[in-house]
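Coordinates as given in query30.cif (mmCIF, C-alpha atoms and all ligand atoms):
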data_data
#
loop_
_atom_site.label_atom_id
_atom_site.label_comp_id
_atom_site.auth_asym_id
_atom_site.auth_seq_id
_atom_site.Cartn_x
_atom_site.Cartn_y
_atom_site.Cartn_z
CA MET A 1 -142.43 -48.25 78.54
CA SER A 2 -139.91 -49.68 76.11
CA SER A 3 -140.62 -52.57 73.74
CA LEU A 4 -138.49 -55.69 73.60
CA THR A 5 -137.60 -57.36 70.35
CA ALA A 6 -138.34 -61.01 69.70
CA SER A 7 -134.61 -61.75 69.80
CA ASP A 8 -134.40 -60.17 73.27
CA ALA A 9 -137.17 -62.51 74.29
CA TYR A 10 -135.31 -65.56 73.00
CA ALA A 11 -132.13 -64.43 74.75
CA SER A 12 -133.71 -63.72 78.11
CA PRO A 13 -137.27 -64.96 78.59
CA ALA A 14 -137.26 -63.83 82.22
CA THR A 15 -137.00 -60.19 81.22
CA ALA A 16 -139.31 -60.54 78.20
CA LYS A 17 -142.47 -58.71 79.11
CA VAL A 18 -144.36 -56.73 76.48
CA ILE A 19 -144.58 -55.99 72.80
CA GLN A 20 -147.12 -53.19 73.14
CA PRO A 21 -146.92 -50.34 75.65
CA ALA A 22 -149.65 -50.34 78.32
CA TRP A 23 -151.48 -47.35 76.85
CA VAL A 24 -151.85 -49.14 73.50
CA ARG A 25 -153.26 -52.25 75.17
CA ILE A 26 -155.73 -50.30 77.32
CA LEU A 27 -156.96 -48.12 74.44
CA HIS A 28 -157.14 -51.19 72.17
CA TRP A 29 -159.50 -53.08 74.49
CA ILE A 30 -161.69 -50.03 75.18
CA ASN A 31 -161.90 -49.59 71.41
CA ALA A 32 -162.82 -53.26 70.97
CA VAL A 33 -165.74 -52.92 73.42
CA ALA A 34 -166.95 -49.66 71.84
CA MET A 35 -166.68 -51.10 68.32
CA VAL A 36 -168.73 -54.19 69.16
CA LEU A 37 -171.44 -51.98 70.73
CA MET A 38 -171.43 -49.66 67.70
CA ILE A 39 -171.58 -52.53 65.21
CA MET A 40 -174.41 -54.42 66.95
CA SER A 41 -176.51 -51.31 67.57
CA GLY A 42 -175.74 -50.12 64.01
CA TRP A 43 -177.17 -53.36 62.61
CA GLN A 44 -180.39 -52.78 64.57
CA ILE A 45 -180.61 -49.20 63.22
CA TYR A 46 -180.02 -50.55 59.71
CA ASN A 47 -182.86 -53.07 60.11
CA ALA A 48 -185.37 -50.22 60.61
CA SER A 49 -184.67 -48.99 57.07
CA PRO A 50 -182.33 -51.36 55.19
CA LEU A 51 -180.07 -49.99 52.46
CA PHE A 52 -179.84 -53.42 50.81
CA ASP A 53 -182.02 -56.43 50.27
CA PHE A 54 -181.28 -58.08 53.62
CA LYS A 55 -181.67 -57.57 57.36
CA PHE A 56 -179.41 -58.62 60.24
CA THR A 57 -180.68 -61.43 62.46
CA HIS A 58 -182.23 -59.93 65.60
CA SER A 59 -180.04 -62.11 67.85
CA ILE A 60 -176.84 -60.33 66.75
CA THR A 61 -178.23 -56.81 67.14
CA LEU A 62 -178.31 -54.54 70.17
CA GLY A 63 -181.05 -52.28 71.48
CA GLY A 64 -184.19 -54.32 70.76
CA TRP A 65 -185.74 -51.69 68.48
CA LEU A 66 -184.74 -48.53 66.58
CA GLY A 67 -185.01 -46.18 69.58
CA GLY A 68 -183.06 -48.49 71.90
CA ALA A 69 -180.39 -49.06 69.27
CA LEU A 70 -179.93 -45.33 68.70
CA LEU A 71 -179.46 -44.83 72.45
CA TRP A 72 -176.74 -47.51 72.51
CA HIS A 73 -175.16 -46.09 69.35
CA PHE A 74 -174.95 -42.55 70.71
CA ALA A 75 -173.76 -43.69 74.16
CA ALA A 76 -170.95 -45.87 72.75
CA MET A 77 -170.13 -43.08 70.28
CA TRP A 78 -168.61 -41.02 73.15
CA LEU A 79 -166.48 -43.92 74.33
CA LEU A 80 -165.28 -44.63 70.79
CA THR A 81 -164.60 -41.01 69.87
CA VAL A 82 -162.82 -39.95 73.08
CA ASN A 83 -160.79 -43.17 73.17
CA GLY A 84 -159.98 -42.82 69.45
CA LEU A 85 -158.90 -39.19 69.85
CA ILE A 86 -156.53 -40.10 72.71
CA TYR A 87 -155.11 -42.93 70.56
CA VAL A 88 -154.52 -40.71 67.52
CA VAL A 89 -152.97 -37.89 69.58
CA LEU A 90 -150.67 -40.30 71.48
CA GLY A 91 -149.88 -42.16 68.25
CA PHE A 92 -148.48 -38.97 66.73
CA ALA A 93 -147.05 -37.46 69.94
CA THR A 94 -145.04 -40.57 70.90
CA GLY A 95 -143.88 -41.16 67.32
CA ARG A 96 -145.49 -44.64 67.43
CA PHE A 97 -147.37 -44.19 64.14
CA ARG A 98 -144.18 -43.08 62.36
CA LYS A 99 -142.04 -45.85 63.88
CA LYS A 100 -144.52 -48.72 63.52
CA LEU A 101 -146.52 -47.85 60.41
CA LEU A 102 -144.13 -45.98 58.14
CA PRO A 103 -142.83 -46.24 55.52
CA ILE A 104 -145.39 -48.17 53.46
CA THR A 105 -143.93 -48.85 50.02
CA PRO A 106 -145.81 -50.57 47.15
CA GLY A 107 -142.76 -52.81 46.58
CA GLY A 108 -142.73 -53.86 50.23
CA VAL A 109 -146.47 -54.58 50.24
CA ILE A 110 -146.21 -56.71 47.05
CA ALA A 111 -143.18 -58.65 48.33
CA ASP A 112 -144.77 -59.34 51.76
CA THR A 113 -148.11 -60.31 50.18
CA LYS A 114 -146.29 -62.85 47.97
CA ALA A 115 -144.35 -64.13 50.99
CA ALA A 116 -147.57 -64.44 53.02
CA LEU A 117 -149.37 -66.32 50.24
CA THR A 118 -146.50 -68.79 49.87
CA GLY A 119 -146.11 -69.26 53.63
CA LYS A 120 -142.68 -67.60 53.66
CA LEU A 121 -143.49 -64.51 55.71
CA SER A 122 -141.08 -64.20 58.62
CA HIS A 123 -142.64 -63.99 62.10
CA HIS A 124 -139.25 -63.89 63.79
CA ASP A 125 -139.60 -60.36 65.17
CA LEU A 126 -143.20 -59.72 66.26
CA THR A 127 -142.36 -56.18 67.37
CA ARG A 128 -141.98 -55.12 63.73
CA TYR A 129 -145.00 -55.05 61.46
CA ASN A 130 -144.58 -56.43 57.95
CA TYR A 131 -145.77 -54.26 55.03
CA VAL A 132 -149.15 -55.98 54.78
CA GLN A 133 -149.76 -55.34 58.49
CA LYS A 134 -148.60 -51.73 58.14
CA LEU A 135 -151.00 -51.15 55.25
CA LEU A 136 -153.93 -52.82 57.03
CA TYR A 137 -153.32 -51.05 60.36
CA ALA A 138 -152.87 -47.63 58.72
CA GLY A 139 -155.91 -48.35 56.51
CA ILE A 140 -158.15 -49.32 59.43
CA ILE A 141 -157.20 -46.13 61.31
CA VAL A 142 -158.29 -44.12 58.24
CA VAL A 143 -161.54 -46.15 58.04
CA GLY A 144 -162.08 -45.48 61.78
CA ILE A 145 -161.76 -41.73 61.19
CA LEU A 146 -164.07 -41.97 58.15
CA ILE A 147 -166.81 -43.87 60.02
CA VAL A 148 -166.80 -41.28 62.81
CA LEU A 149 -166.98 -38.38 60.32
CA SER A 150 -169.71 -40.02 58.19
CA GLY A 151 -171.57 -40.90 61.42
CA LEU A 152 -171.42 -37.26 62.55
CA SER A 153 -172.62 -36.12 59.13
CA ILE A 154 -175.74 -38.33 59.24
CA TRP A 155 -176.36 -37.54 62.91
CA LYS A 156 -176.30 -33.75 62.48
CA PRO A 157 -176.87 -33.15 58.74
CA VAL A 158 -178.25 -29.64 59.38
CA GLN A 159 -175.69 -28.36 61.90
CA LEU A 160 -172.80 -30.07 60.07
CA GLN A 161 -174.09 -29.58 56.53
CA TRP A 162 -170.59 -28.75 55.25
CA LEU A 163 -169.47 -32.21 56.41
CA THR A 164 -172.52 -33.93 54.91
CA ALA A 165 -171.85 -32.03 51.65
CA LEU A 166 -168.21 -33.24 51.70
CA PHE A 167 -169.54 -36.82 51.55
CA GLY A 168 -171.78 -35.88 48.61
CA GLY A 169 -175.00 -35.59 50.64
CA TYR A 170 -176.91 -37.52 53.31
CA ASP A 171 -177.68 -40.63 51.22
CA ILE A 172 -174.08 -41.16 50.11
CA ALA A 173 -172.79 -40.50 53.65
CA ARG A 174 -175.10 -43.30 54.83
CA TYR A 175 -173.60 -45.70 52.29
CA VAL A 176 -170.06 -44.59 53.26
CA HIS A 177 -170.95 -45.24 56.94
CA PHE A 178 -172.23 -48.73 56.11
CA ILE A 179 -169.27 -49.64 53.86
CA CYS A 180 -166.83 -48.52 56.60
CA MET A 181 -168.68 -50.79 59.04
CA ALA A 182 -168.32 -53.70 56.58
CA ALA A 183 -164.57 -52.97 56.23
CA ILE A 184 -164.16 -52.90 60.03
CA VAL A 185 -166.04 -56.19 60.42
CA ALA A 186 -163.88 -57.81 57.68
CA PHE A 187 -160.74 -56.49 59.39
CA LEU A 188 -161.95 -57.81 62.75
CA VAL A 189 -162.54 -61.31 61.38
CA VAL A 190 -158.97 -61.51 59.99
CA HIS A 191 -157.46 -59.76 63.03
CA VAL A 192 -159.09 -62.13 65.53
CA ALA A 193 -158.35 -65.21 63.37
CA LEU A 194 -154.65 -64.29 63.20
CA ALA A 195 -154.50 -63.54 66.94
CA VAL A 196 -155.89 -67.02 67.59
CA LEU A 197 -153.69 -68.72 64.99
CA VAL A 198 -150.29 -67.21 65.96
CA PRO A 199 -148.72 -70.06 67.92
CA LYS A 200 -149.28 -69.63 71.67
CA SER A 201 -145.74 -70.84 72.38
CA LEU A 202 -144.28 -67.97 70.34
CA ARG A 203 -146.56 -65.45 72.02
CA ALA A 204 -145.64 -66.80 75.45
CA MET A 205 -141.95 -66.33 74.70
CA ILE A 206 -142.49 -62.74 73.62
CA ILE A 207 -144.93 -61.48 76.25
CA GLY A 208 -143.81 -63.71 79.06
CA ARG A 209 -147.13 -65.54 79.53
C1 LIG B 301 -168.96 -41.00 66.18
C2 LIG B 301 -169.28 -42.14 65.65
C3 LIG B 301 -170.62 -42.46 65.03
C4 LIG B 301 -171.76 -41.70 64.87
C5 LIG B 301 -171.98 -40.26 65.26
C6 LIG B 301 -172.74 -42.53 64.23
C7 LIG B 301 -174.02 -42.15 63.91
C8 LIG B 301 -174.95 -42.92 63.26
C9 LIG B 301 -176.29 -42.52 62.90
C10 LIG B 301 -176.90 -41.16 63.15
C11 LIG B 301 -176.89 -43.57 62.29
C12 LIG B 301 -178.35 -43.63 61.77
C13 LIG B 301 -178.35 -43.42 60.28
C14 LIG B 301 -179.73 -43.45 59.72
O1 LIG B 301 -180.57 -42.71 60.18
O2 LIG B 301 -179.95 -44.24 58.81
C15 LIG B 301 -175.93 -44.63 62.24
C16 LIG B 301 -176.17 -45.85 61.66
C17 LIG B 301 -175.26 -46.88 61.64
N1 LIG B 301 -174.02 -46.90 62.23
FE1 LIG B 301 -173.11 -45.35 63.12
N2 LIG B 301 -172.20 -43.76 64.01
C18 LIG B 301 -170.91 -43.74 64.48
C19 LIG B 301 -169.99 -44.78 64.47
C20 LIG B 301 -170.27 -46.06 64.00
C21 LIG B 301 -169.37 -47.19 64.07
C22 LIG B 301 -167.97 -47.15 64.70
C23 LIG B 301 -170.00 -48.24 63.51
C24 LIG B 301 -169.53 -49.64 63.31
C25 LIG B 301 -168.27 -50.01 63.29
C26 LIG B 301 -171.29 -47.78 63.06
C27 LIG B 301 -172.22 -48.56 62.41
C28 LIG B 301 -173.44 -48.13 61.99
C29 LIG B 301 -174.35 -48.92 61.18
C30 LIG B 301 -174.11 -50.35 60.68
C31 LIG B 301 -175.49 -48.13 60.97
C32 LIG B 301 -176.72 -48.50 60.15
C33 LIG B 301 -176.44 -48.01 58.73
C34 LIG B 301 -177.66 -47.43 58.07
O3 LIG B 301 -178.58 -48.17 57.85
O4 LIG B 301 -177.66 -46.24 57.77
N3 LIG B 301 -171.42 -46.45 63.39
N4 LIG B 301 -174.76 -44.22 62.84
#

The structure given in the file should be rewritten as structure tokens.
Ligand code: HEM
Amino acid sequence: MSSLTASDAYASPATAKVIQPAWVRILHWINAVAMVLMIMSGWQIYNASPLFDFKFTHSITLGGWLGGALLWHFAAMWLLTVNGLIYVVLGFATGRFRKKLLPITPGGVIADTKAALTGKLSHHDLTRYNYVQKLLYAGIIVVGILIVLSGLSIWKPVQLQWLTALFGGYDIARYVHFICMAAIVAFLVVHVALAVLVPKSLRAMIIGR
């Protein structure tokens, strides 16, 4: 399915349909569900043996207790991993990663950060990511891969001892896993806030709703 540019949408709202291809939208929402399940069950697992001097409030955790949380974590793990693998394979195979996320230049990131901070960032063409978006989206894909690998290394530290060793051992892999979760949660907060804040009228013009 081809993407329309924002200018196409302005020129002919009747034909303006989608920014993202269907497969991206479907995989995105499956990922969102899996991520929320992983985060909430992860917080319950964390509470059984906290790495830091705090616990997560029971009401925002999933599973009820350590055993229940592990069951949720390992069930959602399949959804997340299979969905993620399909996304990464299609991202490379269709050339979407190259087209949408590359190149990322330090100069571009600095210029767009300055523009964003001074309210001058152009939102004219929503089909093109600015450099800050490119960096964040590429970064969160890398974090997603890292959290799966660190998760596997603390799940099967004997069978996958080479992987656990790559992280510097079980204890460090646990910290890596937790820090990746924190990065994903921070990304989610900004991502959702921006999705809510982008003017509905502009979105309606682009996606025809
Ligand atoms: C294939 C993917 C994953 C696997 C195999 C996996 C596996 C595990 C395992 C085995 C634990 C228990 C660690 C322990 O005994 O202390 C754990 C904890 C945890 N997981 Fe995952 N996980 C995966 C993905 C994720 C994702 C996507 C998130 C959140 C975005 C997440 C968040 C957490 C958190 C917050 C904890 C508690 C941290 C701790 O106290 O060690 N995990 N995970």

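Near Asp171 (chain A), within 12 Å and counting all atoms listed in the file, sit Leu51, Ser150, Gly151, Ser153, Ile154, Pro157, Thr164, Ala165, Phe167, Tyr175, Val176, His177 and Phe178 of chain A; same-chain residues fewer than 4 positions away were not included.
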
Please, what is the axis-aligned box for every listed atom of region 187-191 of chain A with 3 Å on each side, as centre and edge lengths in Å to one decimal, as JSON?
{"center_x": -160.0, "center_y": -59.0, "center_z": 61.2, "size_x": 11.1, "size_y": 11.0, "size_z": 9.6}

Coordinates-based distance that separates atom N2 of ligand LIG 301 (chain B) from CA of Ala75 (chain A) (Å, one decimal): 10.3 Å

CA of Leu188 (chain A) to CA of Ala115 (chain A), straight-line distance in Å: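 If I compute the distance from CA of Ala115 (chain A) to CA of Leu188 (chain A), I get 22.1 Å.
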
Residue nearest Leu194 (chain A) among A:Ala69, A:Ala111, A:Cys180, A:Gln133 (counting all atoms listed in the file):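 Ranked by minimum distance to Leu194 (chain A), first place goes to A:Gln133.
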
Of the listed residues A:Phe92, A:Trp155, A:Trp72, A:Trp162, that which approaches ligand LIG 301 (chain B) most closely, counting all atoms listed in the file: A:Trp155

For region 58-107 of chain A versus region 26-48 of chain A, which residues have an atom no more than 8 Å away, and what is each residue's nearest atom pair and distance in Å rounded to one decimal, using only C-alpha atoms, chain-then-number order, as JSON lines?
{"residue": "A:His58", "atom": "CA", "partner": "A:Gln44", "partner_atom": "CA", "distance": 7.5}
{"residue": "A:Ile60", "atom": "CA", "partner": "A:Met40", "partner_atom": "CA", "distance": 6.4}
{"residue": "A:Thr61", "atom": "CA", "partner": "A:Met40", "partner_atom": "CA", "distance": 4.5}
{"residue": "A:Leu62", "atom": "CA", "partner": "A:Ser41", "partner_atom": "CA", "distance": 4.5}
{"residue": "A:Gly63", "atom": "CA", "partner": "A:Ser41", "partner_atom": "CA", "distance": 6.1}
{"residue": "A:Gly64", "atom": "CA", "partner": "A:Gln44", "partner_atom": "CA", "distance": 7.4}
{"residue": "A:Trp65", "atom": "CA", "partner": "A:Gln44", "partner_atom": "CA", "distance": 6.7}
{"residue": "A:Leu66", "atom": "CA", "partner": "A:Ile45", "partner_atom": "CA", "distance": 5.4}
{"residue": "A:Ala69", "atom": "CA", "partner": "A:Ser41", "partner_atom": "CA", "distance": 4.8}
{"residue": "A:Leu70", "atom": "CA", "partner": "A:Ile45", "partner_atom": "CA", "distance": 6.7}
{"residue": "A:Trp72", "atom": "CA", "partner": "A:Ser41", "partner_atom": "CA", "distance": 6.2}
{"residue": "A:His73", "atom": "CA", "partner": "A:Met38", "partner_atom": "CA", "distance": 5.4}
{"residue": "A:Ala76", "atom": "CA", "partner": "A:Ala34", "partner_atom": "CA", "distance": 5.6}
{"residue": "A:Met77", "atom": "CA", "partner": "A:Met38", "partner_atom": "CA", "distance": 7.2}
{"residue": "A:Leu79", "atom": "CA", "partner": "A:Ala34", "partner_atom": "CA", "distance": 6.3}
{"residue": "A:Leu80", "atom": "CA", "partner": "A:Ala34", "partner_atom": "CA", "distance": 5.4}
{"residue": "A:Asn83", "atom": "CA", "partner": "A:Leu27", "partner_atom": "CA", "distance": 6.4}
{"residue": "A:Gly84", "atom": "CA", "partner": "A:Asn31", "partner_atom": "CA", "distance": 7.3}
{"residue": "A:Tyr87", "atom": "CA", "partner": "A:Leu27", "partner_atom": "CA", "distance": 6.7}

Export C-alpha atoms of the chosen residues as a compact mmCIF listing (two decimals), in the coordinates of the input?
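In the end it all went to selection_26.txt:
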# COMPACT_ATOMS: atom_id res chain seq x y z
CA HIS A 58 -182.23 -59.93 65.60
CA ILE A 60 -176.84 -60.33 66.75
CA THR A 61 -178.23 -56.81 67.14
CA LEU A 62 -178.31 -54.54 70.17
CA GLY A 63 -181.05 -52.28 71.48
CA GLY A 64 -184.19 -54.32 70.76
CA TRP A 65 -185.74 -51.69 68.48
CA LEU A 66 -184.74 -48.53 66.58
CA ALA A 69 -180.39 -49.06 69.27
CA LEU A 70 -179.93 -45.33 68.70
CA TRP A 72 -176.74 -47.51 72.51
CA HIS A 73 -175.16 -46.09 69.35
CA ALA A 76 -170.95 -45.87 72.75
CA MET A 77 -170.13 -43.08 70.28
CA LEU A 79 -166.48 -43.92 74.33
CA LEU A 80 -165.28 -44.63 70.79
CA ASN A 83 -160.79 -43.17 73.17
CA GLY A 84 -159.98 -42.82 69.45
CA TYR A 87 -155.11 -42.93 70.56

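Across the structure, CA of Gln20 (chain A) and CA of Lys99 (chain A) are spaced 12.9 Å apart.
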
Residue among A:Tyr131, A:Val109, A:Ala22, A:Thr81 lying closest to ligand LIG 301 (chain B), counting only C-alpha atoms and all ligand atoms: A:Thr81

Nearest candidate to ligand LIG 301 (chain B) (options A:Lys114, A:Arg98, A:Arg25, A:Lys156; using all atoms listed in the file):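 Nearest to ligand LIG 301 (chain B): A:Lys156.
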
Who sits within 8 Å of Asp112 (chain A), all atoms listed in the file, same chain under 5 positions skipped, as number ranges by chain: A: 121, 130-132

Export of the given selection (C-alpha atoms) as a PDB file, in the frame of the given file:
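See result-v4.pdb below for the written result:
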ATOM      1  CA  LEU A 121    -143.490 -64.510  55.710  1.00  0.00           C
ATOM      2  CA  ASN A 130    -144.580 -56.430  57.950  1.00  0.00           C
ATOM      3  CA  TYR A 131    -145.770 -54.260  55.030  1.00  0.00           C
ATOM      4  CA  VAL A 132    -149.150 -55.980  54.780  1.00  0.00           C
TER       5      VAL A 132
END

A:Leu197, A:Leu101, A:Ile147, A:Val89 ranked by distance to Ile184 (chain A), top pick (using all atoms listed in the file):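 Looking only at the distances to Ile184 (chain A), the closest residue turns out to be A:Ile147.
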
Among the residues A:Pro21, A:Pro50, A:Pro103, A:Gly169, the one that comes closest to ligand LIG 301 (chain B) [using all atoms listed in the file]: A:Pro50

Close residues, Leu102 (chain A) itself excluded, 10 Å, only C-alpha atoms, min 2 positions apart in chain, as a list in words: Arg96, Phe97, Arg98, Lys99, Lys100, Ile104, Thr105, Tyr129, Tyr131, Lys134, Leu135 and Ala138 of chain A

Selection: 10 Å around Phe187 (chain A), only C-alpha atoms, excl. self and same-chain fewer than 3 positions, as a ChimeraX atom specification: /A:136-137,139-140,181-184,190-193

Would you save the residues of that selection, restricted to C-alpha atoms, as a compact mmCIF listing (two decimals), in the coordinates of the input?
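Listing of again-v6.txt after writing:
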# COMPACT_ATOMS: atom_id res chain seq x y z
CA LEU A 136 -153.93 -52.82 57.03
CA TYR A 137 -153.32 -51.05 60.36
CA GLY A 139 -155.91 -48.35 56.51
CA ILE A 140 -158.15 -49.32 59.43
CA MET A 181 -168.68 -50.79 59.04
CA ALA A 182 -168.32 -53.70 56.58
CA ALA A 183 -164.57 -52.97 56.23
CA ILE A 184 -164.16 -52.90 60.03
CA VAL A 190 -158.97 -61.51 59.99
CA HIS A 191 -157.46 -59.76 63.03
CA VAL A 192 -159.09 -62.13 65.53
CA ALA A 193 -158.35 -65.21 63.37

Just add N, CA and C atoms to region 84-110 of chain A and send it as an mmCIF file, in the frame of the given file.
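For reference, selection02.cif as written:
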data_model
loop_
_atom_site.group_PDB
_atom_site.id
_atom_site.type_symbol
_atom_site.label_atom_id
_atom_site.label_comp_id
_atom_site.auth_asym_id
_atom_site.auth_seq_id
_atom_site.Cartn_x
_atom_site.Cartn_y
_atom_site.Cartn_z
ATOM 1 N N GLY A 84 -160.650 -42.917 70.758
ATOM 2 C CA GLY A 84 -159.980 -42.820 69.450
ATOM 3 C C GLY A 84 -159.117 -41.561 69.361
ATOM 4 N N LEU A 85 -159.657 -40.446 69.895
ATOM 5 C CA LEU A 85 -158.900 -39.190 69.850
ATOM 6 C C LEU A 85 -157.603 -39.318 70.657
ATOM 7 N N ILE A 86 -157.723 -39.918 71.861
ATOM 8 C CA ILE A 86 -156.530 -40.100 72.710
ATOM 9 C C ILE A 86 -155.506 -40.955 71.949
ATOM 10 N N TYR A 87 -155.994 -42.020 71.296
ATOM 11 C CA TYR A 87 -155.110 -42.930 70.560
ATOM 12 C C TYR A 87 -154.374 -42.207 69.417
ATOM 13 N N VAL A 88 -155.134 -41.409 68.663
ATOM 14 C CA VAL A 88 -154.520 -40.710 67.520
ATOM 15 C C VAL A 88 -153.506 -39.672 68.013
ATOM 16 N N VAL A 89 -153.887 -38.917 69.060
ATOM 17 C CA VAL A 89 -152.970 -37.890 69.580
ATOM 18 C C VAL A 89 -151.690 -38.552 70.119
ATOM 19 N N LEU A 90 -151.856 -39.623 70.933
ATOM 20 C CA LEU A 90 -150.670 -40.300 71.480
ATOM 21 C C LEU A 90 -149.852 -40.978 70.367
ATOM 22 N N GLY A 91 -150.553 -41.500 69.374
ATOM 23 C CA GLY A 91 -149.880 -42.160 68.250
ATOM 24 C C GLY A 91 -148.917 -41.216 67.550
ATOM 25 N N PHE A 92 -149.364 -39.965 67.359
ATOM 26 C CA PHE A 92 -148.480 -38.970 66.730
ATOM 27 C C PHE A 92 -147.452 -38.453 67.729
ATOM 28 N N ALA A 93 -147.924 -38.103 68.959
ATOM 29 C CA ALA A 93 -147.050 -37.460 69.940
ATOM 30 C C ALA A 93 -145.876 -38.354 70.350
ATOM 31 N N THR A 94 -146.112 -39.662 70.463
ATOM 32 C CA THR A 94 -145.040 -40.570 70.900
ATOM 33 C C THR A 94 -144.189 -41.049 69.722
ATOM 34 N N GLY A 95 -144.617 -40.716 68.514
ATOM 35 C CA GLY A 95 -143.880 -41.160 67.320
ATOM 36 C C GLY A 95 -144.188 -42.610 66.969
ATOM 37 N N ARG A 96 -145.174 -43.224 67.675
ATOM 38 C CA ARG A 96 -145.490 -44.640 67.430
ATOM 39 C C ARG A 96 -145.978 -44.883 65.991
ATOM 40 N N PHE A 97 -146.850 -44.008 65.501
ATOM 41 C CA PHE A 97 -147.370 -44.190 64.140
ATOM 42 C C PHE A 97 -146.214 -44.188 63.131
ATOM 43 N N ARG A 98 -145.293 -43.209 63.308
ATOM 44 C CA ARG A 98 -144.180 -43.080 62.360
ATOM 45 C C ARG A 98 -143.282 -44.317 62.443
ATOM 46 N N LYS A 99 -142.979 -44.721 63.682
ATOM 47 C CA LYS A 99 -142.040 -45.850 63.880
ATOM 48 C C LYS A 99 -142.640 -47.172 63.415
ATOM 49 N N LYS A 100 -143.925 -47.402 63.762
ATOM 50 C CA LYS A 100 -144.520 -48.720 63.520
ATOM 51 C C LYS A 100 -145.149 -48.844 62.137
ATOM 52 N N LEU A 101 -145.711 -47.737 61.628
ATOM 53 C CA LEU A 101 -146.520 -47.850 60.410
ATOM 54 C C LEU A 101 -145.844 -47.321 59.158
ATOM 55 N N LEU A 102 -144.776 -46.562 59.322
ATOM 56 C CA LEU A 102 -144.130 -45.980 58.140
ATOM 57 C C LEU A 102 -142.712 -46.528 57.984
ATOM 58 N N PRO A 103 -142.170 -46.574 56.784
ATOM 59 C CA PRO A 103 -142.830 -46.240 55.520
ATOM 60 C C PRO A 103 -143.669 -47.403 55.021
ATOM 61 N N ILE A 104 -144.637 -47.097 54.143
ATOM 62 C CA ILE A 104 -145.390 -48.170 53.460
ATOM 63 C C ILE A 104 -145.074 -48.030 51.976
ATOM 64 N N THR A 105 -144.295 -48.940 51.439
ATOM 65 C CA THR A 105 -143.930 -48.850 50.020
ATOM 66 C C THR A 105 -144.673 -49.908 49.217
ATOM 67 N N PRO A 106 -145.093 -49.572 47.966
ATOM 68 C CA PRO A 106 -145.810 -50.570 47.150
ATOM 69 C C PRO A 106 -144.970 -51.830 46.969
ATOM 70 N N GLY A 107 -143.638 -51.648 46.762
ATOM 71 C CA GLY A 107 -142.760 -52.810 46.580
ATOM 72 C C GLY A 107 -142.775 -53.718 47.807
ATOM 73 N N GLY A 108 -142.718 -53.097 48.985
ATOM 74 C CA GLY A 108 -142.730 -53.860 50.230
ATOM 75 C C GLY A 108 -144.028 -54.616 50.415
ATOM 76 N N VAL A 109 -145.151 -53.947 50.080
ATOM 77 C CA VAL A 109 -146.470 -54.580 50.240
ATOM 78 C C VAL A 109 -146.576 -55.786 49.299
ATOM 79 N N ILE A 110 -146.122 -55.607 48.033
ATOM 80 C CA ILE A 110 -146.210 -56.710 47.050
ATOM 81 C C ILE A 110 -145.339 -57.887 47.513
#
